[in-house]
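The next block is target_8.cif, given as mmCIF, C-alpha atoms.
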```cif
data_input
#
loop_
_atom_site.group_PDB
_atom_site.id
_atom_site.type_symbol
_atom_site.label_atom_id
_atom_site.label_comp_id
_atom_site.auth_asym_id
_atom_site.auth_seq_id
_atom_site.Cartn_x
_atom_site.Cartn_y
_atom_site.Cartn_z
ATOM 1 C CA MET A 19 -8.189 -12.579 4.547
ATOM 2 C CA LEU A 20 -7.389 -10.466 1.506
ATOM 3 C CA ARG A 21 -9.757 -8.106 -0.266
ATOM 4 C CA ASP A 22 -11.471 -10.249 -2.903
ATOM 5 C CA GLU A 23 -11.905 -13.149 -0.499
ATOM 6 C CA LEU A 24 -13.369 -10.759 2.063
ATOM 7 C CA ILE A 25 -15.891 -9.448 -0.489
ATOM 8 C CA ASP A 26 -17.064 -12.991 -1.188
ATOM 9 C CA THR A 27 -17.278 -13.720 2.543
ATOM 10 C CA LEU A 28 -19.292 -10.551 3.201
ATOM 11 C CA ARG A 29 -21.697 -11.524 0.447
ATOM 12 C CA GLU A 30 -22.249 -14.910 2.107
ATOM 13 C CA LEU A 31 -22.728 -13.215 5.468
ATOM 14 C CA ALA A 32 -25.371 -10.910 3.966
ATOM 15 C CA LEU A 33 -27.176 -13.819 2.345
ATOM 16 C CA GLU A 34 -27.363 -15.596 5.703
ATOM 17 C CA ASP A 35 -28.609 -12.517 7.575
ATOM 18 C CA PRO A 36 -32.387 -12.006 7.195
ATOM 19 C CA GLN A 37 -32.053 -8.343 8.184
ATOM 20 C CA VAL A 38 -29.939 -7.530 5.142
ATOM 21 C CA GLN A 39 -32.161 -6.698 2.182
ATOM 22 C CA ALA A 40 -29.393 -5.761 -0.246
ATOM 23 C CA LEU A 41 -25.633 -5.357 -0.354
ATOM 24 C CA PHE A 42 -23.838 -3.337 -3.017
ATOM 25 C CA LEU A 43 -20.213 -2.793 -3.891
ATOM 26 C CA GLY A 44 -19.556 0.870 -4.570
ATOM 27 C CA GLY A 45 -16.532 3.049 -5.176
ATOM 28 C CA SER A 46 -14.082 2.244 -7.937
ATOM 29 C CA LEU A 47 -14.718 -1.495 -7.608
ATOM 30 C CA GLY A 48 -18.446 -0.959 -8.038
ATOM 31 C CA GLU A 49 -17.769 1.073 -11.182
ATOM 32 C CA GLY A 50 -15.513 -1.629 -12.568
ATOM 33 C CA ALA A 51 -12.557 0.761 -12.500
ATOM 34 C CA GLY A 52 -10.756 -0.512 -9.398
ATOM 35 C CA ASP A 53 -7.230 -1.811 -9.137
ATOM 36 C CA ALA A 54 -5.193 -3.819 -6.635
ATOM 37 C CA TYR A 55 -5.143 -0.825 -4.278
ATOM 38 C CA SER A 56 -8.882 -0.065 -4.223
ATOM 39 C CA ASP A 57 -10.738 -0.419 -0.941
ATOM 40 C CA ILE A 58 -14.110 -2.077 -0.338
ATOM 41 C CA ASP A 59 -17.017 0.370 -0.385
ATOM 42 C CA LEU A 60 -20.176 -1.358 0.850
ATOM 43 C CA ILE A 61 -23.751 -0.059 0.800
ATOM 44 C CA LEU A 62 -25.948 -2.233 2.976
ATOM 45 C CA VAL A 63 -29.754 -1.963 2.897
ATOM 46 C CA VAL A 64 -32.019 -2.938 5.811
ATOM 47 C CA GLU A 65 -35.666 -2.264 6.572
ATOM 48 C CA PRO A 66 -36.386 1.020 8.386
ATOM 49 C CA ALA A 67 -37.471 -0.866 11.522
ATOM 50 C CA ASP A 68 -34.055 -2.561 11.677
ATOM 51 C CA HIS A 69 -31.930 0.423 10.731
ATOM 52 C CA ARG A 70 -31.032 1.903 14.129
ATOM 53 C CA ALA A 71 -30.187 -1.459 15.686
ATOM 54 C CA PHE A 72 -28.100 -2.475 12.689
ATOM 55 C CA VAL A 73 -26.182 0.810 12.742
ATOM 56 C CA LEU A 74 -25.385 0.344 16.422
ATOM 57 C CA GLY A 75 -24.185 -3.187 15.727
ATOM 58 C CA ALA A 76 -22.395 -2.494 12.436
ATOM 59 C CA ARG A 77 -18.923 -3.150 13.825
ATOM 60 C CA ALA A 78 -19.994 -6.447 15.360
ATOM 61 C CA TRP A 79 -21.551 -7.428 12.018
ATOM 62 C CA LEU A 80 -18.252 -6.928 10.198
ATOM 63 C CA ASP A 81 -16.277 -8.470 13.048
ATOM 64 C CA GLN A 82 -18.025 -11.772 12.385
ATOM 65 C CA VAL A 83 -15.842 -12.342 9.331
ATOM 66 C CA ALA A 84 -12.920 -9.927 9.654
ATOM 67 C CA LYS A 85 -10.861 -8.981 12.701
ATOM 68 C CA LEU A 86 -10.949 -5.175 12.765
ATOM 69 C CA VAL A 87 -7.975 -3.181 14.053
ATOM 70 C CA HIS A 88 -9.517 0.205 13.252
ATOM 71 C CA TRP A 89 -13.081 1.546 13.352
ATOM 72 C CA PHE A 90 -13.985 5.149 12.653
ATOM 73 C CA GLU A 91 -17.085 7.260 12.067
ATOM 74 C CA PRO A 92 -16.015 9.996 9.603
ATOM 75 C CA HIS A 93 -19.250 11.910 10.136
ATOM 76 C CA PRO A 94 -20.644 11.220 13.630
ATOM 77 C CA GLY A 95 -24.384 10.773 13.522
ATOM 78 C CA LEU A 96 -24.424 9.454 9.963
ATOM 79 C CA PRO A 97 -24.526 5.692 9.261
ATOM 80 C CA LEU A 98 -21.138 5.680 7.533
ATOM 81 C CA PHE A 99 -18.185 3.753 8.934
ATOM 82 C CA SER A 100 -14.569 3.240 7.960
ATOM 83 C CA ALA A 101 -12.652 0.142 9.045
ATOM 84 C CA VAL A 102 -9.303 -1.573 8.562
ATOM 85 C CA THR A 103 -8.859 -5.314 9.052
ATOM 86 C CA LYS A 104 -5.826 -7.032 10.585
ATOM 87 C CA ASP A 105 -4.678 -7.807 7.030
ATOM 88 C CA TRP A 106 -4.974 -4.097 6.241
ATOM 89 C CA VAL A 107 -7.968 -4.368 3.972
ATOM 90 C CA ARG A 108 -9.879 -1.071 4.022
ATOM 91 C CA VAL A 109 -13.660 -1.252 4.267
ATOM 92 C CA ASP A 110 -16.160 1.614 4.151
ATOM 93 C CA LEU A 111 -19.703 0.686 5.147
ATOM 94 C CA THR A 112 -22.873 2.712 4.649
ATOM 95 C CA VAL A 113 -26.119 1.414 6.177
ATOM 96 C CA THR A 114 -29.288 2.672 4.514
ATOM 97 C CA VAL A 115 -32.919 1.690 3.831
ATOM 98 C CA PRO A 116 -34.904 0.851 0.669
ATOM 99 C CA GLY A 117 -35.469 3.904 -1.493
ATOM 100 C CA GLN A 118 -32.472 5.724 0.009
ATOM 101 C CA THR A 119 -29.704 3.995 -1.918
ATOM 102 C CA HIS A 120 -27.877 6.885 -3.552
ATOM 103 C CA GLY A 121 -26.113 5.941 -6.745
ATOM 104 C CA ALA A 122 -26.752 4.469 -10.158
ATOM 105 C CA LYS A 123 -26.457 1.137 -11.899
ATOM 106 C CA ASP A 124 -23.183 2.109 -13.556
ATOM 107 C CA ARG A 125 -21.641 2.923 -10.149
ATOM 108 C CA LEU A 126 -22.859 0.055 -7.958
ATOM 109 C CA LYS A 127 -22.405 -3.702 -8.260
ATOM 110 C CA PRO A 128 -25.089 -5.787 -6.495
ATOM 111 C CA LEU A 129 -23.647 -8.536 -4.295
ATOM 112 C CA MET A 130 -27.120 -9.574 -3.153
ATOM 113 C CA ASP A 131 -30.534 -7.953 -3.488
ATOM 114 C CA ARG A 132 -33.728 -9.285 -1.918
ATOM 115 C CA CYS A 133 -35.759 -6.103 -2.230
ATOM 116 C CA GLY A 134 -35.135 -5.030 -5.821
ATOM 117 C CA ALA A 135 -33.131 -1.983 -4.765
ATOM 118 C CA TYR A 136 -30.805 -2.268 -7.767
ATOM 119 C CA GLU A 137 -33.614 -2.191 -10.319
ATOM 120 C CA ALA A 138 -34.972 0.975 -8.696
ATOM 121 C CA LEU A 139 -31.717 2.835 -9.399
ATOM 122 C CA PRO A 140 -31.247 5.110 -12.429
ATOM 123 C CA ASP A 141 -28.913 3.839 -15.120
ATOM 124 C CA ARG A 142 -26.513 6.707 -14.411
ATOM 125 C CA LEU A 143 -26.347 9.936 -12.447
ATOM 126 C CA ALA A 144 -26.745 13.305 -14.094
ATOM 127 C CA PRO A 145 -23.750 15.677 -14.143
ATOM 128 C CA ARG A 146 -23.524 17.789 -10.990
ATOM 129 C CA THR A 147 -22.767 21.491 -11.197
ATOM 130 C CA ALA A 148 -20.436 22.722 -8.470
ATOM 131 C CA ASP A 149 -22.184 24.167 -5.422
ATOM 132 C CA PRO A 150 -21.703 27.981 -5.432
ATOM 133 C CA ALA A 151 -21.632 28.182 -1.621
ATOM 134 C CA LYS A 152 -18.996 25.455 -1.425
ATOM 135 C CA VAL A 153 -16.800 27.101 -4.040
ATOM 136 C CA GLU A 154 -17.089 30.514 -2.398
ATOM 137 C CA ALA A 155 -16.099 28.991 0.945
ATOM 138 C CA MET A 156 -13.147 27.283 -0.757
ATOM 139 C CA VAL A 157 -11.950 30.600 -2.214
ATOM 140 C CA ARG A 158 -12.290 32.394 1.107
ATOM 141 C CA GLU A 159 -10.351 29.687 2.914
ATOM 142 C CA PHE A 160 -7.601 29.828 0.286
ATOM 143 C CA LEU A 161 -7.268 33.600 0.725
ATOM 144 C CA ARG A 162 -7.290 33.285 4.517
ATOM 145 C CA VAL A 163 -4.493 30.703 4.560
ATOM 146 C CA LEU A 164 -2.564 32.666 1.946
ATOM 147 C CA GLY A 165 -2.756 35.790 4.124
ATOM 148 C CA LEU A 166 -1.446 33.870 7.136
ATOM 149 C CA LEU A 167 1.847 33.459 5.284
ATOM 150 C CA THR A 168 2.932 36.757 6.820
ATOM 151 C CA VAL A 169 2.530 35.315 10.322
ATOM 152 C CA ALA A 170 4.601 32.215 9.562
ATOM 153 C CA VAL A 171 7.347 34.237 7.865
ATOM 154 C CA GLY A 172 7.363 36.909 10.573
ATOM 155 C CA ARG A 173 7.729 34.326 13.313
ATOM 156 C CA ARG A 174 10.078 32.166 11.222
ATOM 157 C CA GLU A 175 7.716 29.242 11.782
ATOM 158 C CA TRP A 176 8.905 27.285 8.774
ATOM 159 C CA ALA A 177 7.247 24.010 9.729
ATOM 160 C CA SER A 178 3.891 25.795 10.029
ATOM 161 C CA ALA A 179 4.530 27.567 6.741
ATOM 162 C CA VAL A 180 5.093 24.246 4.970
ATOM 163 C CA THR A 181 1.829 22.963 6.457
ATOM 164 C CA GLY A 182 0.017 26.065 5.230
ATOM 165 C CA ALA A 183 1.382 25.600 1.733
ATOM 166 C CA GLY A 184 0.107 22.030 1.828
ATOM 167 C CA LEU A 185 -3.382 23.311 2.635
ATOM 168 C CA LEU A 186 -3.270 25.620 -0.387
ATOM 169 C CA ARG A 187 -2.106 22.741 -2.555
ATOM 170 C CA GLN A 188 -5.065 20.632 -1.443
ATOM 171 C CA GLN A 189 -7.471 23.497 -2.114
ATOM 172 C CA LEU A 190 -6.103 23.761 -5.643
ATOM 173 C CA ILE A 191 -6.595 20.031 -6.236
ATOM 174 C CA SER A 192 -10.142 20.253 -4.841
ATOM 175 C CA LEU A 193 -10.869 23.150 -7.187
ATOM 176 C CA LEU A 194 -9.652 21.191 -10.218
ATOM 177 C CA ILE A 195 -12.023 18.380 -9.248
ATOM 178 C CA GLU A 196 -14.961 20.773 -8.708
ATOM 179 C CA GLN A 197 -14.496 22.096 -12.249
ATOM 180 C CA LEU A 198 -15.291 18.654 -13.672
ATOM 181 C CA ASP A 199 -19.035 18.651 -12.818
ATOM 182 C CA LEU A 200 -18.817 15.003 -11.789
ATOM 183 C CA PRO A 201 -22.077 13.210 -10.878
ATOM 184 C CA ALA A 202 -20.851 12.471 -7.359
ATOM 185 C CA PRO A 203 -17.903 13.552 -5.205
ATOM 186 C CA PRO A 204 -14.919 11.315 -6.041
ATOM 187 C CA GLY A 205 -12.190 9.883 -3.877
ATOM 188 C CA ILE A 206 -9.025 11.977 -3.836
ATOM 189 C CA LYS A 207 -6.874 8.879 -4.297
ATOM 190 C CA ASN A 208 -7.959 8.559 -7.933
ATOM 191 C CA LEU A 209 -6.577 11.739 -9.458
ATOM 192 C CA ALA A 210 -4.899 9.902 -12.329
ATOM 193 C CA ARG A 211 -8.301 8.543 -13.359
ATOM 194 C CA LEU A 212 -10.265 11.747 -12.744
ATOM 195 C CA LEU A 213 -8.258 14.713 -13.969
ATOM 196 C CA PRO A 214 -7.652 15.588 -17.614
ATOM 197 C CA PRO A 215 -4.004 14.982 -18.631
ATOM 198 C CA LYS A 216 -3.152 18.685 -18.582
ATOM 199 C CA ASP A 217 -4.502 19.181 -15.057
ATOM 200 C CA LEU A 218 -2.886 15.966 -13.842
ATOM 201 C CA GLU A 219 0.459 17.193 -15.179
ATOM 202 C CA LEU A 220 -0.105 20.522 -13.435
ATOM 203 C CA VAL A 221 -0.779 18.813 -10.089
ATOM 204 C CA THR A 222 2.170 16.462 -10.504
ATOM 205 C CA ASP A 223 4.548 19.341 -11.248
ATOM 206 C CA LEU A 224 3.385 21.598 -8.405
ATOM 207 C CA PRO A 225 6.328 22.838 -6.344
ATOM 208 C CA LEU A 226 6.646 21.604 -2.777
ATOM 209 C CA ALA A 227 7.524 24.059 -0.035
ATOM 210 C CA GLU A 228 10.763 23.643 1.855
ATOM 211 C CA PRO A 229 11.209 25.019 5.395
ATOM 212 C CA ASN A 230 12.858 28.306 4.508
ATOM 213 C CA ARG A 231 11.713 31.823 3.680
ATOM 214 C CA ASP A 232 12.289 31.881 -0.057
ATOM 215 C CA SER A 233 10.694 28.495 -0.652
ATOM 216 C CA VAL A 234 7.521 29.033 1.357
ATOM 217 C CA ILE A 235 6.908 32.451 -0.178
ATOM 218 C CA SER A 236 7.531 31.373 -3.769
ATOM 219 C CA THR A 237 5.409 28.233 -3.308
ATOM 220 C CA ASN A 238 2.473 30.195 -1.879
ATOM 221 C CA LEU A 239 2.641 32.646 -4.785
ATOM 222 C CA ALA A 240 2.840 29.826 -7.323
ATOM 223 C CA TYR A 241 -0.285 28.213 -5.865
ATOM 224 C CA ALA A 242 -2.104 31.569 -5.844
ATOM 225 C CA ARG A 243 -1.282 32.171 -9.508
ATOM 226 C CA LEU A 244 -2.753 28.787 -10.391
ATOM 227 C CA PHE A 245 -5.746 28.774 -8.043
ATOM 228 C CA LEU A 246 -7.190 32.264 -8.225
ATOM 229 C CA PRO A 247 -7.785 32.631 -12.003
ATOM 230 C CA ARG A 248 -9.344 29.159 -12.170
ATOM 231 C CA ALA A 249 -11.470 29.837 -9.106
ATOM 232 C CA LYS A 250 -12.692 33.135 -10.532
ATOM 233 C CA ALA A 251 -13.632 31.485 -13.825
ATOM 234 C CA LEU A 252 -15.539 28.751 -11.995
ATOM 235 C CA CYS A 253 -17.371 31.298 -9.845
ATOM 236 C CA GLU A 254 -18.449 33.189 -12.953
ATOM 237 C CA ARG A 255 -19.680 29.988 -14.590
ATOM 238 C CA ILE A 256 -21.788 28.772 -11.669
ATOM 239 C CA GLY A 257 -22.915 32.141 -10.307
ATOM 240 C CA ALA A 258 -20.874 32.080 -7.101
ATOM 241 C CA ALA A 259 -20.001 35.378 -5.420
ATOM 242 C CA TRP A 260 -16.358 36.388 -5.743
ATOM 243 C CA PRO A 261 -14.899 37.905 -2.513
ATOM 244 C CA GLU A 262 -13.394 40.924 -4.252
ATOM 245 C CA ASP A 263 -12.755 42.878 -1.046
ATOM 246 C CA PHE A 264 -11.028 39.914 0.608
ATOM 247 C CA GLU A 265 -8.860 39.275 -2.453
ATOM 248 C CA THR A 266 -7.848 42.947 -2.637
ATOM 249 C CA ALA A 267 -7.106 43.129 1.080
ATOM 250 C CA THR A 268 -5.039 39.935 1.018
ATOM 251 C CA ARG A 269 -3.030 41.095 -1.985
ATOM 252 C CA ALA A 270 -2.325 44.455 -0.332
ATOM 253 C CA HIS A 271 -1.438 42.691 2.933
ATOM 254 C CA LEU A 272 1.201 40.515 1.241
ATOM 255 C CA ARG A 273 2.676 43.477 -0.642
ATOM 256 C CA ARG A 274 2.860 45.555 2.524
ATOM 257 C CA GLU A 275 4.280 42.876 4.832
ATOM 258 C CA LEU A 276 6.437 40.816 2.464
ATOM 259 C CA GLY A 277 6.864 42.923 -0.675
ATOM 260 C CA VAL A 278 5.357 40.218 -2.888
ATOM 261 C CA ASP A 279 2.467 40.014 -5.320
ATOM 262 C CA TRP A 280 1.028 36.865 -6.876
ATOM 263 C CA ALA A 281 0.217 38.816 -10.045
ATOM 264 C CA GLY A 282 3.913 39.091 -10.888
ATOM 265 C CA PRO A 283 7.388 37.930 -9.843
ATOM 266 C CA ALA A 284 7.999 37.980 -6.105
ATOM 267 C CA LEU A 285 10.006 41.053 -5.188
ATOM 268 C CA GLY A 286 13.339 40.086 -3.663
ATOM 269 C CA VAL A 287 12.445 36.384 -3.567
ATOM 270 C CA VAL A 288 14.153 33.643 -5.521
ATOM 271 C CA GLU A 289 11.632 31.631 -7.604
#
```
For the file at hand, write its structure as structure tokens.
Amino acid sequence: MLRDELIDTLRELALEDPQVQALFLGGSLGEGAGDAYSDIDLILVVEPADHRAFVLGARAWLDQVAKLVHWFEPHPGLPLFSAVTKDWVRVDLTVTVPGQTHGAKDRLKPLMDRCGAYEALPDRLAPRTADPAKVEAMVREFLRVLGLLTVAVGRREWASAVTGAGLLRQQLISLLIEQLDLPAPPGIKNLARLLPPKDLELVTDLPLAEPNRDSVISTNLAYARLFLPRAKALCERIGAAWPEDFETATRAHLRRELGVDWAGPALGVVE
């Protein structure tokens, strides 16, 4: 059963189940911006008295209409589930209660609604300023991974160094998304739709580390030169603390151990 047929079948299942008060299609499909590769994001509403039992039986509920080959709880303890069917249709399911449907009318498509949950939603969400604590943690993690470059180079652990560069790359992409003040956290598989053309070009053209000394060092420095000025500007805008001491210590550490500095050309390294 392919995606669109499965959506129709899930709607019929919800209509036949008296416990289900509402079923919404979220994600890019709910916004009307999906494509052939978009997954199914479902928000299912039940009464509070039925919530715990429905959460415990969520897999069995989906299994009624789609043979699942994968079932995962991304955040244990929260009623959010990720599944893959035998036809490799991806389904994310959130189980909530009336009054706790997070979203807006321009982001959710009602498949069925017995309790008027859709009409209770705002027309759209307000812009969301980046969380200062989250951004500060992001900067600190970037500096920590950047400083670990000396360990990978010293031990000649090139595979680990490539992995570390990948972490820095992802932090840079996350930072570019945080700058956008989007109403809700987006999926990372929609960068072409989310990022401004200039930032999308920047991400597309980012160098990829190869498993050798010159490549991993030059790639780390390139990411630092892109990430740190943007991160500092964002911190200033939202009032996040900048870890000045950590930045200074990391810069001195890389100069001392590797003879490189992200503020200028790498000394003795081909870029």
Please build the interface table for stretch 88-178 of chain A against stretch 54-75 of chain A with a cut-off of 7 Å, listing for each qualifying residue the nearest atom pair and the distance in Å to one decimal; count all atoms listed in the file, order rows by chain and increasing number, and write it as CSV.
```
residue,atom,partner,partner_atom,distance
A:Pro97,CA,A:Val73,CA,6.2
A:Val107,CA,A:Asp57,CA,6.9
A:Arg108,CA,A:Asp57,CA,5.1
A:Val109,CA,A:Ile58,CA,4.7
A:Asp110,CA,A:Asp59,CA,4.8
A:Leu111,CA,A:Leu60,CA,4.8
A:Thr112,CA,A:Ile61,CA,4.8
A:Val113,CA,A:Leu62,CA,4.9
A:Thr114,CA,A:Val63,CA,4.9
A:Val115,CA,A:Val63,CA,4.9
A:Pro116,CA,A:Val63,CA,6.3
```
Residues matched by the PyMOL selection byres ((chain A and resi 86-91) around 12) as a count of residues only: 34
Atom CA of A:Ala259 to atom CA of A:Gln188, straight-line distance in Å: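 If I compute the distance from atom CA of A:Gln188 to atom CA of A:Ala259, I get 21.4 Å.
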Resolved residues for the PyMOL selection byres ((chain A and resi 171) around 10) as a ChimeraX atom specification: /A:166-170,172-176,178-179,230-232,234-235,275-276
For the selection just defined, write its residues with C-alpha atoms to a file, as a compact mmCIF listing (two decimals), in the coordinates of the input.
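Writing done, so here's selection_32.txt:
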```txt
# COMPACT_ATOMS: atom_id res chain seq x y z
CA LEU A 166 -1.45 33.87 7.14
CA LEU A 167 1.85 33.46 5.28
CA THR A 168 2.93 36.76 6.82
CA VAL A 169 2.53 35.32 10.32
CA ALA A 170 4.60 32.22 9.56
CA GLY A 172 7.36 36.91 10.57
CA ARG A 173 7.73 34.33 13.31
CA ARG A 174 10.08 32.17 11.22
CA GLU A 175 7.72 29.24 11.78
CA TRP A 176 8.90 27.28 8.77
CA SER A 178 3.89 25.80 10.03
CA ALA A 179 4.53 27.57 6.74
CA ASN A 230 12.86 28.31 4.51
CA ARG A 231 11.71 31.82 3.68
CA ASP A 232 12.29 31.88 -0.06
CA VAL A 234 7.52 29.03 1.36
CA ILE A 235 6.91 32.45 -0.18
CA GLU A 275 4.28 42.88 4.83
CA LEU A 276 6.44 40.82 2.46
```
Spatial neighbours of A:Glu196, 10 Å, all atoms listed in the file, chain gap at least 3 places, as a count of residues only: 16
Residues matched by the PyMOL selection byres ((chain A and resi 281) around 12) as a ChimeraX atom specification: /A:239-247,265-266,269-270,272-273,278-280,282-285
Given only C-alpha atoms as the counted atoms, nearest of A:Arg248, A:His271, A:Lys123, A:Arg21 to A:Pro140: A:Lys123
Nearest-residue call for A:Leu226, choices A:Pro201, A:Ala258, A:Leu194, A:Thr181, using all atoms listed in the file: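 Counting all atoms listed in the file, the residue closest to A:Leu226 is A:Thr181.
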Can you report as lines of an AutoDock Vina configuration file the centre and edge lengths in Å, to one decimal, of an axis-aligned box around the listed atoms of stretch 174-189 of chain A padded with 8 Å on each side?
```
center_x = 1.3
center_y = 26.4
center_z = 4.6
size_x = 33.5
size_y = 27.5
size_z = 30.3
```
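What separates atom CA of A:Ala183 from atom CA of A:Glu254 is a distance of 25.8 Å.
Considering only C-alpha atoms, the residue among A:Asn208, A:Gln197, A:Thr119, A:Ser233 positioned nearest to A:Ser46 is A:Asn208.
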Proximity to A:Ile256 - best of A:Ala138, A:Val163, A:Ala151, A:Leu43, only C-alpha atoms: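 Once distances to A:Ile256 are computed over only C-alpha atoms, the minimum belongs to A:Ala151.
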Length of the atom CA of A:Arg142 to atom CA of A:Gly121 vector [Å]: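 If I compute the distance from atom CA of A:Arg142 to atom CA of A:Gly121, I get 7.7 Å.
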Distance criterion (only C-alpha atoms): nearest to A:Leu213 out of A:Leu164, A:Pro36, A:Leu198, A:Leu129: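 Comparing A:Leu164, A:Pro36, A:Leu198, A:Leu129 against A:Leu213, the winner is A:Leu198.
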Around (-9.1, 25.0, 0.4), as given in the file, which residues come within 7 Å? Count all atoms listed in the file and list them as an mmCIF file with C-alpha atoms, in the coordinates of the input.
```
data_model
loop_
_atom_site.group_PDB
_atom_site.id
_atom_site.type_symbol
_atom_site.label_atom_id
_atom_site.label_comp_id
_atom_site.auth_asym_id
_atom_site.auth_seq_id
_atom_site.Cartn_x
_atom_site.Cartn_y
_atom_site.Cartn_z
ATOM 1 C CA MET A 156 -13.147 27.283 -0.757
ATOM 2 C CA VAL A 157 -11.950 30.600 -2.214
ATOM 3 C CA GLU A 159 -10.351 29.687 2.914
ATOM 4 C CA PHE A 160 -7.601 29.828 0.286
ATOM 5 C CA LEU A 185 -3.382 23.311 2.635
ATOM 6 C CA LEU A 186 -3.270 25.620 -0.387
ATOM 7 C CA GLN A 188 -5.065 20.632 -1.443
ATOM 8 C CA GLN A 189 -7.471 23.497 -2.114
ATOM 9 C CA LEU A 190 -6.103 23.761 -5.643
#
```
Which residue of A:Lys250, A:Lys127, A:Arg132, A:Arg255 approaches A:Ala40 most closely, using all atoms listed in the file: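 That would be A:Arg132, the residue with the smallest distance to A:Ala40.
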Within 8 Å of A:Arg158 using all atoms listed in the file, minus same-chain residues under 4 positions, as a list in words: Glu154, Arg162, Pro261 and Phe264 of chain A
Next, write the just-selected residues to a file, as a PDB file, in the frame of the given file, keeping C-alpha atoms as the atom set.
```pdb
ATOM      1  CA  GLU A 154     -17.089  30.514  -2.398  1.00  0.00           C
ATOM      2  CA  ARG A 162      -7.290  33.285   4.517  1.00  0.00           C
ATOM      3  CA  PRO A 261     -14.899  37.905  -2.513  1.00  0.00           C
ATOM      4  CA  PHE A 264     -11.028  39.914   0.608  1.00  0.00           C
TER       5      PHE A 264
END
```
